[in-house]
Amino acid sequence: MARGLRPLAGALLLLEVAAAVSFVHHRYEEMVQALFRVQSECPYVSRVYSIGRSVEGRHLYVLEFSDYPGIHEPLEPEFKYVGNMHGNEVLGRELLLQLSEFLCEEYRRGSERITRLLHNTRIHIMPSMNPDGYEVAAKQGPDSIGYLTGRNNANGVDLNRNFPDLNTFMYYSGEISGPNHHIPLPDNWKSQVEPETLAVIQWIGSYNFVLSANLHGGAVVANYPYDKSQDQRFRSHRRTVNTPTPDDKLFQKLAKTYSYAHGWMHRGWNCGDYFADGITNGASWYSLSKGMQDFNYLYTNCFEITLELSCNKFPPEKDLERQWMANREALVAFIEEIHQGIKGMVSDENNNGIAGAVISVQGISHDVTSGDMGDYFRLLLPGTYTVTASAEGYQPQTVTTTVGPAEPSLVHFQLKQDVVRKPPERKASGTRMNNKTLQKKVVPRATRRGTQR
């Protein structure tokens with residue numbers, strides 16, 4: 001009897017696998033079902049959560065992969081993929097659903113590479129940031145998709161032009177030695193952004209993301225910051241003014257990792273354009289204000305690039321399998337790029353983690369901060385660096401470390417508390433520092449990640 005059931009069980013298994021890897025466009029309900037199906041197939045290493053709702057009330061769902069879903073483990077970096085920011089650019093949405101199923105299936109199969117990735121990285125996948133725009137685009141049908149139909153959200157706003165403009169502040173403040181990281185938001189920022197943008201800003205402020213990619217369509221190139229040109233003379237005009245970040249060489253390496261792992265992006269000639277190595281500085285291509293990748297770099301610890309993945313913004317279903325095979329290795333290889341540079345703990349003399357400590361690398365004018373538990377992550381190319389950790393109320397500590405081409409180097413900091421000496425008492429009249437005042441001075445003010453001071 002058991003032998004007779006084996007062919008049936010095998011057939012059912014094949015049907016299940018076929019359903020899991022079907023290459024079709026997923027409307028909102030189908031996308032949600034796909035995410036929860038993956039979670040049910042890999043319940044011990046995944047969870048689904050929502051970061052908020054769109055204008056029309058659709059959830060902005062995220063699928064997380066980790067060996068401890070829902071928990072940040074010290075020294076385990078956080079990664080994110082965001083797709084379908086423009087509702088009519090849909091390939092990223094489908095690729096992220098395929099990636100989710102692939103990670104689950106490979107983990108269940110016992111793949112050493114994927115198991116190591118899921119055990120050492122906390123991966124967050126948002127297939128659609130603009131589900132309302134997608135529904136508008138999808139209703140047009142495959143033969144009548146307008147180039148801009150469904151691009152914006154339900155309020156008609158381009159979400160990739162909707163983040164607070166921190167570039168202008170940074171370009172100005174840079175001339176007067178202003179902040180180069182975690183630039184504060186304007187007081188009225190919440191009234192200036194859309195619900196989807198607000199949800200994403202709160203999301204990236206709640207997780208200490210280290211590396212990220214935003215998936216688009218309409219070209220084939222890996223685009224890295226800055227997106228906005230520092231040259232303000234040509235505002236509102238397309239121009240080619242290369243505007244690099246202090247981490248320009250690192251960003252180029254990250255972009256090349258994706259382009260050379262991709263089926264054809266690295267060749268350069270795509271969609272009538274040519275990009276050497278399949279990469280470009282965003283502002284060198286054309287200047288974009290209030291974009292998401294620049295916002296990530298200037299407001300958080302996250303290094304984000306933008307991936308343009310197809311000439312056709314809404315490719316037909318018959319092309320989806322070919323596109324998946326072209327992007328599969330690149331999607332995995334880019335996640336693995338999070339494991340480079342240095343990482344470690346910043347703690348006090350009692351081994352308590354210090355949140356909001358600033359990690360500075362000599363020669364690179366862009367800092368990162370430690371997370372809630374005191375752990376930090378600083379992506380760096382191979383080389384020797386002088387690194388300083390500092391925090392309010394503590395003496396800074398500087399070390400020299402060498403970064404190799406493989407795993408990140410562990411560099412821990414243990415900061416000593418500043419000693420505020422009591423001034424000598426005067427016999428004549430004067431101001432005396434009492435114990436309450438002294439205590440107030442030596443106790444550090446706890447900050448979450450340096451975002452509010």
# chains A, B, ... in the order shown; residues from 1 in each chain; ligands from 1
>>> residues_around(residues="Asn162 (chain A)", least_positions_apart="6", cutoff="9 Å", atoms="only C-alpha atoms", output="NGL selection string")
:A and (192-194 or 197 or 289-292)
>>> select_by_dssp(residues="region 344-390 of chain A", states="strand (DSSP E or B)", output="list in words")
Gly344, Met345, Val346, Ser347, Gly353, Val358, Ile359, Ser360, Val361, Ile364, Ser365, His366, Asp367, Val368, Thr369, Asp375, Tyr376, Phe377, Arg378, Gly383, Thr384, Tyr385, Thr386, Val387, Thr388, Ala389 and Ser390 of chain A
>>> closest_residue(among="A:Ala219, A:Ala333, A:Ala357, A:Leu35", to="Leu307 (chain A)", atoms="only C-alpha atoms")
A:Ala219
>>> residues_around(residues="Val332 (chain A)", least_positions_apart="3", cutoff="12 Å", atoms="only C-alpha atoms", output="compact mmCIF listing (two decimals) with C-alpha atoms, in the first residue's frame")
# COMPACT_ATOMS: atom_id res chain seq x y z
CA PHE A 79 19.82 43.69 4.88
CA LYS A 80 16.83 44.83 2.81
CA TYR A 81 15.47 44.64 -0.73
CA LEU A 95 12.07 38.74 -8.76
CA LEU A 96 11.74 39.32 -5.01
CA GLN A 98 11.02 34.32 -6.70
CA LEU A 99 13.98 35.09 -4.42
CA SER A 100 11.84 34.50 -1.34
CA PHE A 102 14.32 30.28 -3.69
CA LEU A 103 15.82 31.07 -0.26
CA GLU A 106 17.37 26.07 -0.80
CA ARG A 113 25.58 28.65 1.02
CA ILE A 114 21.97 29.68 1.73
CA ARG A 116 25.09 30.16 6.09
CA LEU A 117 23.53 33.30 4.62
CA LEU A 118 20.31 32.96 6.61
CA THR A 121 22.28 37.73 8.02
CA ILE A 123 17.22 39.64 5.39
CA ALA A 213 19.00 47.71 -2.95
CA THR A 257 29.17 42.90 -7.73
CA TYR A 258 25.59 42.97 -9.00
CA ALA A 261 26.86 38.50 -11.44
CA HIS A 262 23.94 39.49 -13.69
CA TRP A 324 14.93 35.35 -12.99
CA MET A 325 17.79 33.21 -14.27
CA ALA A 326 19.70 36.38 -15.19
CA ASN A 327 19.22 37.94 -11.74
CA ARG A 328 19.23 34.99 -9.33
CA GLU A 329 22.97 34.81 -8.68
CA ILE A 335 23.34 40.17 -0.08
CA GLU A 336 26.68 38.50 0.65
CA GLU A 337 28.41 41.87 0.17
CA ILE A 338 27.13 42.85 3.61
>>> select_by_dssp(residues="region 130-220 of chain A", states="helix (DSSP H, G or I)", output="VMD selection string")
chain A and resid 131 to 138 159 to 161 166 to 176 189 to 192 195 to 206
>>> closest_residue(among="A:Pro74, A:Gly87, A:Pro43, A:Pro179", to="Asn120 (chain A)", atoms="only C-alpha atoms")
A:Pro74
>>> residues_around(residues="Asp375 (chain A)", least_positions_apart="3", cutoff="12 Å", atoms="only C-alpha atoms", output="PyMOL selection string")
chain A and resi 72-78+208-210+342-347+351-359+368-372+378+389+410-414+448-449
>>> atom_distance(atom1="CA of Ile51 (chain A)", atom2="CA of Arg122 (chain A)")
16.3 Å
